[in-house]
Amino acid sequence: MSSHAGAVSQLVDRLSQLPGIGRKSAERLAFHLLRVREDEALALSDAIRRVRTDVRYCAACFNLSEKELCQICADPNRDAARLCVVEQPRDLLSLEASGAYKGLYHVLLGRIAPLDGVTPDQLTIDALVERVRTGKFSEIIMATNPTVEGDGTSLYLSNQLSEFPVEITRLARGITAGSVLEYANREIIADALTGRQKL
């Protein structure tokens with residue numbers, strides 16, 4: 001039972017339900033919100049309300065957007081011949097932060113995970129196949145996470161897209177520049193050897 005006032009206790013309970021936030025962290029956040037100016041605390045409340053009411057999925061790629069098309073899909077300067085397939089919008093953000101990719105994206109909103117009850121029909125795979133069918137893509141880049149489920153999803157997608165005249169690639173894996181072999185784990189070294197390139 002909590003010794004906090006009802007409203008504080010409720011806030012702590014709500015905050016502790018967030019991923020990665022335990023009860024102690026939730027209490028620290030709640031007391032921080034009590035210490036800041038009222039307008040700062042209410043600005044957080046407004047931001048949460050706004051993201052829930054104004055943000056939706058892009059009609060083309062399923063990225064997060066406040067309009068029908070996200071900023072990437074609406075940008076005429078993007079390379080419309082390349083399509084990068086990611087699991088979640090946060091994966092798209094990571095790739096965008098690199099500044100190395102200038103093509104379009106497709107967000108699956110998950111990965112195939114039969115043990116977790118996630119099947120292909122629960123993802124945006126049908127929309128992806130339709131995009132490839134009607135688009136003019138020359139390359140589809142599989143950028144699913146390097147996990148059993150991510151690799152399985154990539155394999156499933158490559159089979160679904162095999163009838164189309166597009167090159168299907170995946171992100172490179174292995175040793176990063178500046179790293180030392182003795183500190184790399186077996187999986188990273190195996191990926192690096194398997195995906196080796198000609199000099």
# chains A, B, ... in the order shown; residues from 1 in each chain; ligands from 1
>>> residues_around(residues="segment 88-90 of chain A", least_positions_apart="6", cutoff="7 Å", atoms="only C-alpha atoms", output="list of chain:residue names")
A:Asn63, A:Leu64, A:Val107, A:Leu108, A:Leu109, A:Gly110
>>> closest_atom_pairs(of="segment 94-161 of chain A", to="segment 48-62 of chain A", cutoff="9 Å", atoms="only C-alpha atoms", output="Markdown table")
| residue | atom | partner | partner_atom | distance |
| --- | --- | --- | --- | --- |
| A:Leu104 | CA | A:Cys61 | CA | 8.1 |
| A:Tyr105 | CA | A:Cys61 | CA | 6.0 |
| A:His106 | CA | A:Cys61 | CA | 4.4 |
| A:Val107 | CA | A:Phe62 | CA | 5.3 |
| A:Leu108 | CA | A:Phe62 | CA | 7.4 |
| A:Leu109 | CA | A:Phe62 | CA | 7.6 |
| A:Thr124 | CA | A:Phe62 | CA | 8.0 |
| A:Ala127 | CA | A:Ala60 | CA | 8.4 |
| A:Leu128 | CA | A:Cys61 | CA | 8.2 |
| A:Arg131 | CA | A:Ala60 | CA | 8.2 |
>>> select_by_dssp(residues="segment 6-150 of chain A", states="strand (DSSP E)", output="count of residues only")
21
>>> closest_residue(among="A:Glu182, A:Asp116, A:Glu187, A:Glu163", to="Thr147 of chain A", atoms="only C-alpha atoms")
A:Glu187
>>> select_by_dssp(residues="segment 29-196 of chain A", states="alpha helix (DSSP H)", output="PDB file with C-alpha atoms, in the first residue's frame")
ATOM      1  CA  LEU A  29       9.677  11.207 -11.878  1.00  0.00           C
ATOM      2  CA  ALA A  30       6.490  11.961  -9.965  1.00  0.00           C
ATOM      3  CA  PHE A  31       8.332  14.054  -7.378  1.00  0.00           C
ATOM      4  CA  HIS A  32      10.228  15.817 -10.152  1.00  0.00           C
ATOM      5  CA  LEU A  33       6.903  16.771 -11.753  1.00  0.00           C
ATOM      6  CA  LEU A  34       5.752  18.144  -8.406  1.00  0.00           C
ATOM      7  CA  ARG A  35       8.890  20.313  -8.111  1.00  0.00           C
ATOM      8  CA  GLU A  38       3.109  24.045 -13.198  1.00  0.00           C
ATOM      9  CA  ASP A  39       3.332  25.068 -16.875  1.00  0.00           C
ATOM     10  CA  GLU A  40       6.247  22.618 -17.415  1.00  0.00           C
ATOM     11  CA  ALA A  41       4.325  19.730 -15.870  1.00  0.00           C
ATOM     12  CA  LEU A  42       1.191  20.576 -17.862  1.00  0.00           C
ATOM     13  CA  ALA A  43       3.270  20.844 -21.063  1.00  0.00           C
ATOM     14  CA  LEU A  44       4.189  17.167 -20.593  1.00  0.00           C
ATOM     15  CA  SER A  45       0.522  16.321 -20.150  1.00  0.00           C
ATOM     16  CA  ASP A  46      -0.362  18.265 -23.314  1.00  0.00           C
ATOM     17  CA  ALA A  47       2.427  16.550 -25.294  1.00  0.00           C
ATOM     18  CA  ILE A  48       1.116  13.119 -24.273  1.00  0.00           C
ATOM     19  CA  ARG A  49      -2.447  14.076 -25.192  1.00  0.00           C
ATOM     20  CA  ARG A  50      -1.325  15.539 -28.533  1.00  0.00           C
ATOM     21  CA  VAL A  51       0.710  12.495 -29.540  1.00  0.00           C
ATOM     22  CA  ARG A  52      -2.285  10.255 -28.808  1.00  0.00           C
ATOM     23  CA  THR A  53      -4.748  12.406 -30.781  1.00  0.00           C
ATOM     24  CA  ASP A  54      -2.629  13.750 -33.666  1.00  0.00           C
ATOM     25  CA  GLN A  71       7.820  13.738 -44.143  1.00  0.00           C
ATOM     26  CA  ILE A  72       9.943  11.054 -45.820  1.00  0.00           C
ATOM     27  CA  CYS A  73       7.213   9.818 -48.181  1.00  0.00           C
ATOM     28  CA  ALA A  74       6.245  13.407 -49.002  1.00  0.00           C
ATOM     29  CA  PRO A  89       9.345   3.401 -36.569  1.00  0.00           C
ATOM     30  CA  ARG A  90      12.238   3.647 -34.071  1.00  0.00           C
ATOM     31  CA  ASP A  91      14.352   1.489 -36.434  1.00  0.00           C
ATOM     32  CA  LEU A  92      13.621   3.974 -39.223  1.00  0.00           C
ATOM     33  CA  LEU A  93      14.785   6.810 -36.949  1.00  0.00           C
ATOM     34  CA  SER A  94      18.075   4.998 -36.298  1.00  0.00           C
ATOM     35  CA  LEU A  95      18.734   4.555 -40.018  1.00  0.00           C
ATOM     36  CA  GLU A  96      17.793   8.176 -40.739  1.00  0.00           C
ATOM     37  CA  ALA A  97      20.167   9.380 -38.014  1.00  0.00           C
ATOM     38  CA  SER A  98      23.073   7.784 -39.907  1.00  0.00           C
ATOM     39  CA  ILE A 125       3.200  -7.308 -45.289  1.00  0.00           C
ATOM     40  CA  ASP A 126       0.224  -7.191 -47.691  1.00  0.00           C
ATOM     41  CA  ALA A 127       0.710  -3.428 -48.043  1.00  0.00           C
ATOM     42  CA  LEU A 128       4.430  -3.991 -48.703  1.00  0.00           C
ATOM     43  CA  VAL A 129       3.742  -6.537 -51.449  1.00  0.00           C
ATOM     44  CA  GLU A 130       1.223  -4.153 -53.040  1.00  0.00           C
ATOM     45  CA  ARG A 131       3.733  -1.282 -52.877  1.00  0.00           C
ATOM     46  CA  VAL A 132       6.367  -3.366 -54.619  1.00  0.00           C
ATOM     47  CA  ARG A 133       3.833  -4.585 -57.194  1.00  0.00           C
ATOM     48  CA  THR A 134       2.740  -1.055 -58.131  1.00  0.00           C
ATOM     49  CA  VAL A 148      15.897 -15.261 -35.110  1.00  0.00           C
ATOM     50  CA  GLU A 149      12.521 -13.548 -35.607  1.00  0.00           C
ATOM     51  CA  GLY A 150      14.016 -10.686 -37.650  1.00  0.00           C
ATOM     52  CA  ASP A 151      15.890 -13.061 -39.933  1.00  0.00           C
ATOM     53  CA  GLY A 152      12.815 -15.261 -40.269  1.00  0.00           C
ATOM     54  CA  THR A 153      10.745 -12.220 -41.203  1.00  0.00           C
ATOM     55  CA  SER A 154      13.312 -11.188 -43.834  1.00  0.00           C
ATOM     56  CA  LEU A 155      13.309 -14.695 -45.309  1.00  0.00           C
ATOM     57  CA  TYR A 156       9.502 -14.750 -45.411  1.00  0.00           C
ATOM     58  CA  LEU A 157       9.437 -11.324 -47.105  1.00  0.00           C
ATOM     59  CA  SER A 158      12.067 -12.272 -49.669  1.00  0.00           C
ATOM     60  CA  ASN A 159       9.920 -15.291 -50.612  1.00  0.00           C
ATOM     61  CA  GLN A 160       6.819 -13.081 -50.889  1.00  0.00           C
ATOM     62  CA  ARG A 186      31.212 -15.481 -32.127  1.00  0.00           C
ATOM     63  CA  GLU A 187      27.976 -14.403 -33.836  1.00  0.00           C
ATOM     64  CA  ILE A 188      29.466 -11.102 -35.020  1.00  0.00           C
ATOM     65  CA  ILE A 189      32.582 -12.845 -36.335  1.00  0.00           C
ATOM     66  CA  ALA A 190      30.469 -15.519 -38.070  1.00  0.00           C
ATOM     67  CA  ASP A 191      28.326 -12.815 -39.727  1.00  0.00           C
ATOM     68  CA  ALA A 192      31.465 -10.950 -40.798  1.00  0.00           C
ATOM     69  CA  LEU A 193      33.005 -14.068 -42.355  1.00  0.00           C
ATOM     70  CA  THR A 194      29.782 -15.052 -44.100  1.00  0.00           C
TER      71      THR A 194
END
>>> residues_around(residues="segment 142-144 of chain A", least_positions_apart="5", cutoff="7 Å", atoms="only C-alpha atoms", output="list in words")
Cys84, Val85, Val86, Glu87, Gly150, Asp151, Ser154, Thr169, Arg170 and Leu171 of chain A
>>> write_last_selection(atoms="C-alpha atoms", output="PDB file, in the first residue's frame")
ATOM      1  CA  CYS A  84      14.162  -0.159 -46.859  1.00  0.00           C
ATOM      2  CA  VAL A  85      12.011  -2.494 -44.764  1.00  0.00           C
ATOM      3  CA  VAL A  86      12.198  -2.051 -40.977  1.00  0.00           C
ATOM      4  CA  GLU A  87      10.321  -3.545 -38.052  1.00  0.00           C
ATOM      5  CA  GLY A 150      14.016 -10.686 -37.650  1.00  0.00           C
ATOM      6  CA  ASP A 151      15.890 -13.061 -39.933  1.00  0.00           C
ATOM      7  CA  SER A 154      13.312 -11.188 -43.834  1.00  0.00           C
ATOM      8  CA  THR A 169      19.452  -7.151 -50.118  1.00  0.00           C
ATOM      9  CA  ARG A 170      19.966  -7.017 -46.372  1.00  0.00           C
ATOM     10  CA  LEU A 171      22.003  -4.802 -44.113  1.00  0.00           C
TER      11      LEU A 171
END
